[in-house]
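Novice: Encoded as structure tokens, here's the structure I'll be asking about.
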Amino acid sequence: MRVPGIVLGLLLAMLVTGAVGDAAAQAPAPPPIVGNVYTVTYVEVMPTSTAEALAHLKRYVQAARKEDGNVRCEIVQRIDEPNQLVVLAVWKDQPAFEAHGKGASWSDMREKVTAIRNAPIDQRVHGALSVGPVDWKPAPGAVVVVTHVDVIPPRKDDGVAAVKQLAEESRKGDGNVMFEVVQQNNRPNHFTVVEMWKTAKAVTAHSMAPATREFRDKLAPATGALYDERKYRPVE
């Protein structure tokens with residue numbers, strides 16, 4: 001008996017959907033992070049709601065800093081795109097981070113910011129890869145650069161080596177305040193680079209430094225997505 005094309009197509013779609021669902025259900029949970037937990041939370045709200053979002057985030061940060069296990073919590077605001085903000089936080093360990101996620105400060109902030117969002121809140125959870133002291137404070141007039149680095153899974157180890165070497169060299173650069181590289185827990189081939197420089201000129205000089213250019217050359221054949229570098233100012 002010949003099966004009509006439309007029926008065959010539906011059957012295939014059901015099989016594929018079931019296979020994808022089964023694969024997702026069987027995907028192992030990421031291992032717990034050992035040591036400090038670094039979170040990078042991207043927030044994008046409607047431009048007309050920027051001031052409201054800042055007020056919500058400032059209240060959230062003040063509350064989060066008082067919680068047991070919080071090491072650091074700061075807000076940065078994107079240069080020329082002020083409705084795009086990032087919360088950079090560090091928690092002493094996985095239990096402290098998980099407790100925060102169940103608490104009122106996180107849920108209240110999410111509810112208020114979601115109501116004025118342009119895009120859903122995007123939180124990335126990381127473990128340390130190459131970091132310095134965690135108790136840094138935003139420097140007046142400083143520029144914070146946040147970069148998402150994505151390499152293809154077979155080149156993960158190459159990516160780790162490249163970003164660690166970049167961090168070691170960049171900390172020696174004139175005007176560097178801090179340079180952190182953290183590794184995403186659920187996607188170990190994804191990294192976030194967070195760097196602070198005293199001035200915009202220092203950022204420009206770093207972009208042209210031999211170590212930076214060498215890093216970009218090494219990264220190019222292994223990259224899995226566009227190199228996503230964004231510049232921010234610390235929020236007082």
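Labels used: A, B, ... for chains in the order of the structure tokens, numbers from 1 for residues in each chain, and numbers from 1 for ligands as shown.
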Would you mind listing what lies within 10 Å of stretch 208-210 of chain A as a ChimeraX atom specification, with only C-alpha atoms counted and same-chain residues fewer than 5 positions away left out?
Specialist: /A:169-170,173,203,215-216
Novice: Need the shell around A:Tyr227: protein/DNA/RNA residues with any atom at most 12 Å away, counting only C-alpha atoms. Skip same-chain ones fewer than 4 positions apart. Format as an mmCIF file with N, CA and C atoms, in the first residue's frame?
Specialist:
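Output saved as part.cif:
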data_model
loop_
_atom_site.group_PDB
_atom_site.id
_atom_site.type_symbol
_atom_site.label_atom_id
_atom_site.label_comp_id
_atom_site.auth_asym_id
_atom_site.auth_seq_id
_atom_site.Cartn_x
_atom_site.Cartn_y
_atom_site.Cartn_z
ATOM 1 N N VAL A 146 32.733 43.258 27.715
ATOM 2 C CA VAL A 146 32.210 41.907 27.939
ATOM 3 C C VAL A 146 32.130 41.219 26.582
ATOM 4 N N THR A 147 32.789 40.083 26.453
ATOM 5 C CA THR A 147 32.860 39.377 25.172
ATOM 6 C C THR A 147 32.438 37.931 25.352
ATOM 7 N N HIS A 148 31.532 37.493 24.488
ATOM 8 C CA HIS A 148 31.150 36.075 24.456
ATOM 9 C C HIS A 148 31.987 35.395 23.378
ATOM 10 N N VAL A 149 32.736 34.383 23.778
ATOM 11 C CA VAL A 149 33.609 33.643 22.868
ATOM 12 C C VAL A 149 33.059 32.223 22.732
ATOM 13 N N ASP A 150 32.831 31.804 21.500
ATOM 14 C CA ASP A 150 32.239 30.491 21.219
ATOM 15 C C ASP A 150 33.141 29.763 20.232
ATOM 16 N N VAL A 151 33.671 28.606 20.652
ATOM 17 C CA VAL A 151 34.447 27.779 19.727
ATOM 18 C C VAL A 151 33.685 26.478 19.483
ATOM 19 N N HIS A 190 32.004 27.453 25.452
ATOM 20 C CA HIS A 190 31.627 28.870 25.457
ATOM 21 C C HIS A 190 32.313 29.553 26.643
ATOM 22 N N PHE A 191 32.831 30.743 26.406
ATOM 23 C CA PHE A 191 33.545 31.493 27.434
ATOM 24 C C PHE A 191 33.041 32.934 27.453
ATOM 25 N N THR A 192 33.154 33.567 28.615
ATOM 26 C CA THR A 192 32.890 35.001 28.710
ATOM 27 C C THR A 192 34.153 35.678 29.212
ATOM 28 N N VAL A 193 34.563 36.714 28.507
ATOM 29 C CA VAL A 193 35.720 37.513 28.897
ATOM 30 C C VAL A 193 35.196 38.845 29.428
ATOM 31 N N PHE A 215 45.689 36.339 19.374
ATOM 32 C CA PHE A 215 44.542 35.589 19.890
ATOM 33 C C PHE A 215 43.435 35.497 18.851
ATOM 34 N N ARG A 216 43.132 36.620 18.197
ATOM 35 C CA ARG A 216 42.062 36.613 17.196
ATOM 36 C C ARG A 216 42.422 35.715 16.013
ATOM 37 N N ASP A 217 43.696 35.695 15.654
ATOM 38 C CA ASP A 217 44.140 34.814 14.565
ATOM 39 C C ASP A 217 43.972 33.340 14.952
ATOM 40 N N LEU A 219 41.906 32.163 17.141
ATOM 41 C CA LEU A 219 40.494 31.856 17.371
ATOM 42 C C LEU A 219 39.733 31.643 16.069
ATOM 43 N N ALA A 220 40.117 32.353 15.026
ATOM 44 C CA ALA A 220 39.326 32.378 13.787
ATOM 45 C C ALA A 220 38.972 30.990 13.246
ATOM 46 N N ALA A 222 38.663 28.236 14.758
ATOM 47 C CA ALA A 222 37.958 27.401 15.737
ATOM 48 C C ALA A 222 36.619 27.985 16.160
ATOM 49 N N THR A 223 36.327 29.193 15.714
ATOM 50 C CA THR A 223 35.144 29.881 16.231
ATOM 51 C C THR A 223 33.855 29.217 15.781
#
Novice: Could you list, as a list in words, every residue within 10 Å of A:Arg110, counting only C-alpha atoms and ignoring same-chain residues fewer than 2 positions away?
Specialist: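 Listed by chain and then number, they are Val43, His56, Leu57, Tyr60, Ala104, Ser105, Trp106, Ser107, Asp108, Lys112, Val113, Thr114, Ala115, Arg117, Pro120 and Ile121 of chain A.
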Novice: List the neighbours of A:Lys164 out to 8 Å using only C-alpha atoms; skip same-chain residues closer than 3 positions along the sequence, and give me the result as a VMD selection string.
Specialist: chain A and resid 129 to 130 160 to 161 167 to 168 181
Novice: Convert the current residue selection to file output with N, CA and C atoms, as a PDB file, in the first residue's frame.
Specialist:
ATOM      1  N   LEU A 129      38.063  30.305  34.986  1.00  0.00           N
ATOM      2  CA  LEU A 129      39.057  29.715  34.094  1.00  0.00           C
ATOM      3  C   LEU A 129      40.393  30.431  34.262  1.00  0.00           C
ATOM      4  N   SER A 130      40.371  31.755  34.173  1.00  0.00           N
ATOM      5  CA  SER A 130      41.563  32.558  34.441  1.00  0.00           C
ATOM      6  C   SER A 130      41.085  33.876  35.039  1.00  0.00           C
ATOM      7  N   VAL A 160      40.323  27.066  25.233  1.00  0.00           N
ATOM      8  CA  VAL A 160      40.757  27.274  26.617  1.00  0.00           C
ATOM      9  C   VAL A 160      42.174  27.833  26.653  1.00  0.00           C
ATOM     10  N   ALA A 161      43.071  27.221  25.904  1.00  0.00           N
ATOM     11  CA  ALA A 161      44.463  27.674  25.893  1.00  0.00           C
ATOM     12  C   ALA A 161      44.573  29.102  25.372  1.00  0.00           C
ATOM     13  N   ALA A 167      44.393  36.315  28.606  1.00  0.00           N
ATOM     14  CA  ALA A 167      44.228  36.918  29.930  1.00  0.00           C
ATOM     15  C   ALA A 167      45.577  37.240  30.563  1.00  0.00           C
ATOM     16  N   GLU A 168      46.507  36.302  30.488  1.00  0.00           N
ATOM     17  CA  GLU A 168      47.822  36.502  31.098  1.00  0.00           C
ATOM     18  C   GLU A 168      48.538  37.702  30.481  1.00  0.00           C
ATOM     19  N   VAL A 181      38.433  35.569  32.711  1.00  0.00           N
ATOM     20  CA  VAL A 181      37.894  34.633  31.722  1.00  0.00           C
ATOM     21  C   VAL A 181      37.181  33.531  32.491  1.00  0.00           C
TER      22      VAL A 181
END
Novice: Contacts of A:Pro154 at 10 Å or less, counting only C-alpha atoms, minus same-chain residues fewer than 4 places along, as a VMD selection string?
Specialist: chain A and resid 158 to 159 189 222
Novice: Go ahead and save the picked residues with C-alpha atoms, as a tab-separated table (two decimals), in the first residue's frame.
Specialist:
chain	number	residue	atom	x	y	z
A	158	ASP	CA	42.36	25.10	21.88
A	159	GLY	CA	39.86	27.74	22.96
A	189	ASN	CA	33.13	25.44	24.64
A	222	ALA	CA	37.96	27.40	15.74
Novice: Just checking: using only C-alpha atoms, which residue out of A:Thr212, A:Gly224, A:Ala119, A:Gly175 ends up closest to A:Ile152?
Specialist: A:Gly224
Novice: Please return, as an MDAnalysis selection string, all residues of stretch 8-233 of chain A that DSSP assigns to strand (DSSP E) on the basis of the backbone.
Specialist: chainID A and resid 37:45 70:78 84:91 117:130 143:150 176:184 190:197 228:233
Novice: In terms of the shortest atom-to-atom distance over only C-alpha atoms, which of A:Ile79, A:Leu85, A:Ala53, A:Ala205 is closest to A:Tyr232?
Specialist: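 Closest to A:Tyr232, using only C-alpha atoms: A:Ile79.
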Novice: Given only C-alpha atoms as the basis, pick out the residue of A:Arg124, A:Lys201, A:Lys218, A:Arg78 nearest to A:Gln165.
Specialist: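 Between A:Arg124, A:Lys201, A:Lys218, A:Arg78, the residue approaching A:Gln165 most closely is A:Lys218.
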Novice: List as a list in words the protein and nucleic acid residues near A:Glu74, meaning an atom at most 10 Å away when only C-alpha atoms are counted, but skip any in the same chain fewer than 4 places from it.
Specialist: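 Non-adjacent residues within range: Leu57, Lys58, Val61, Gln62, Ala64, Arg65, Val86, Val87, Leu88, Ala89, Val90, Lys137, Pro138, Pro234, Val235 and Glu236 of chain A.
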Novice: Using only C-alpha atoms, which of the listed residues (A:Arg72, A:His206, A:Arg187, A:Lys92) sits closest to A:Lys172?
Specialist: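 Closest to A:Lys172 of all the choices is A:His206.
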Novice: Where does DSSP see helix (DSSP H, G or I) in stretch 1-221 of chain A, if you list the residues as a ChimeraX atom specification?
Specialist: /A:5-26,47-65,94-101,104-114,153-170,200-207,210-221
Novice: Output the selection as a short mmCIF file (atom, residue, chain, number, x, y, z; two decimals), in the first residue's frame - C-alpha atoms for each residue.
Specialist:
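Saved file selection_27.cif follows:
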data_model
loop_
_atom_site.label_atom_id
_atom_site.label_comp_id
_atom_site.auth_asym_id
_atom_site.auth_seq_id
_atom_site.Cartn_x
_atom_site.Cartn_y
_atom_site.Cartn_z
CA GLY A 5 3.09 12.00 0.84
CA ILE A 6 1.41 14.26 3.39
CA VAL A 7 0.88 11.33 5.78
CA LEU A 8 4.48 10.20 5.37
CA GLY A 9 5.66 13.72 6.09
CA LEU A 10 3.61 13.89 9.28
CA LEU A 11 4.94 10.53 10.44
CA LEU A 12 8.53 11.61 9.84
CA ALA A 13 7.94 14.88 11.68
CA MET A 14 6.52 13.00 14.66
CA LEU A 15 9.50 10.64 14.72
CA VAL A 16 12.01 13.49 14.53
CA THR A 17 10.20 15.50 17.22
CA GLY A 18 10.12 12.47 19.49
CA ALA A 19 13.81 11.80 18.96
CA VAL A 20 14.71 15.42 19.75
CA GLY A 21 12.51 15.37 22.83
CA ASP A 22 14.06 12.11 24.04
CA ALA A 23 17.57 13.48 23.48
CA ALA A 24 16.75 16.64 25.43
CA ALA A 25 15.23 14.61 28.26
CA GLN A 26 18.32 12.39 28.42
CA PRO A 47 14.52 52.17 25.37
CA THR A 48 11.75 54.23 26.95
CA SER A 49 12.01 52.09 30.10
CA THR A 50 15.76 52.40 30.67
CA ALA A 51 15.48 54.55 33.81
CA GLU A 52 12.90 52.19 35.30
CA ALA A 53 15.11 49.17 34.56
CA LEU A 54 18.09 50.82 36.21
CA ALA A 55 16.04 51.49 39.33
CA HIS A 56 14.93 47.85 39.49
CA LEU A 57 18.46 46.55 38.93
CA LYS A 58 19.98 48.87 41.53
CA ARG A 59 17.52 47.64 44.14
CA TYR A 60 18.27 44.08 43.13
CA VAL A 61 22.04 44.55 43.40
CA GLN A 62 21.73 46.20 46.81
CA ALA A 63 19.67 43.25 48.06
CA ALA A 64 21.93 40.63 46.46
CA ARG A 65 25.05 42.07 48.08
CA GLN A 94 27.04 26.49 43.96
CA PRO A 95 24.75 26.22 47.03
CA ALA A 96 24.91 30.00 47.56
CA PHE A 97 24.05 30.63 43.91
CA GLU A 98 21.17 28.16 43.97
CA ALA A 99 19.78 29.67 47.18
CA HIS A 100 19.87 33.10 45.56
CA GLY A 101 17.94 31.77 42.57
CA ALA A 104 12.86 37.06 46.58
CA SER A 105 15.45 39.49 45.21
CA TRP A 106 15.98 37.45 42.04
CA SER A 107 12.31 36.64 41.44
CA ASP A 108 11.17 40.22 42.09
CA MET A 109 13.75 41.66 39.71
CA ARG A 110 12.87 39.15 37.00
CA GLU A 111 9.17 39.93 37.28
CA LYS A 112 9.65 43.70 37.07
CA VAL A 113 12.24 43.64 34.28
CA THR A 114 10.30 41.07 32.25
CA PRO A 153 33.20 21.63 20.54
CA PRO A 154 36.13 19.70 18.96
CA ARG A 155 38.33 22.79 19.46
CA LYS A 156 37.37 23.43 23.10
CA ASP A 157 40.86 22.76 24.45
CA ASP A 158 42.36 25.10 21.88
CA GLY A 159 39.86 27.74 22.96
CA VAL A 160 40.76 27.27 26.62
CA ALA A 161 44.46 27.67 25.89
CA ALA A 162 43.89 30.75 23.73
CA VAL A 163 41.70 32.68 26.18
CA LYS A 164 43.98 31.85 29.11
CA GLN A 165 47.02 33.14 27.24
CA LEU A 166 45.10 36.29 26.27
CA ALA A 167 44.23 36.92 29.93
CA GLU A 168 47.82 36.50 31.10
CA GLU A 169 49.14 38.93 28.49
CA SER A 170 46.31 41.45 28.80
CA ALA A 200 38.64 54.20 26.25
CA LYS A 201 42.11 54.85 24.83
CA ALA A 202 43.43 51.89 26.81
CA VAL A 203 40.71 49.70 25.28
CA THR A 204 41.71 50.80 21.79
CA ALA A 205 45.39 50.20 22.49
CA HIS A 206 44.62 46.72 23.80
CA SER A 207 42.63 45.87 20.67
CA PRO A 210 50.22 41.90 19.45
CA ALA A 211 48.77 39.45 22.00
CA THR A 212 45.20 40.43 21.10
CA ARG A 213 45.78 40.16 17.38
CA GLU A 214 47.50 36.80 17.82
CA PHE A 215 44.54 35.59 19.89
CA ARG A 216 42.06 36.61 17.20
CA ASP A 217 44.14 34.81 14.57
CA LYS A 218 44.20 31.62 16.65
CA LEU A 219 40.49 31.86 17.37
CA ALA A 220 39.33 32.38 13.79
CA PRO A 221 39.55 28.75 12.53
#
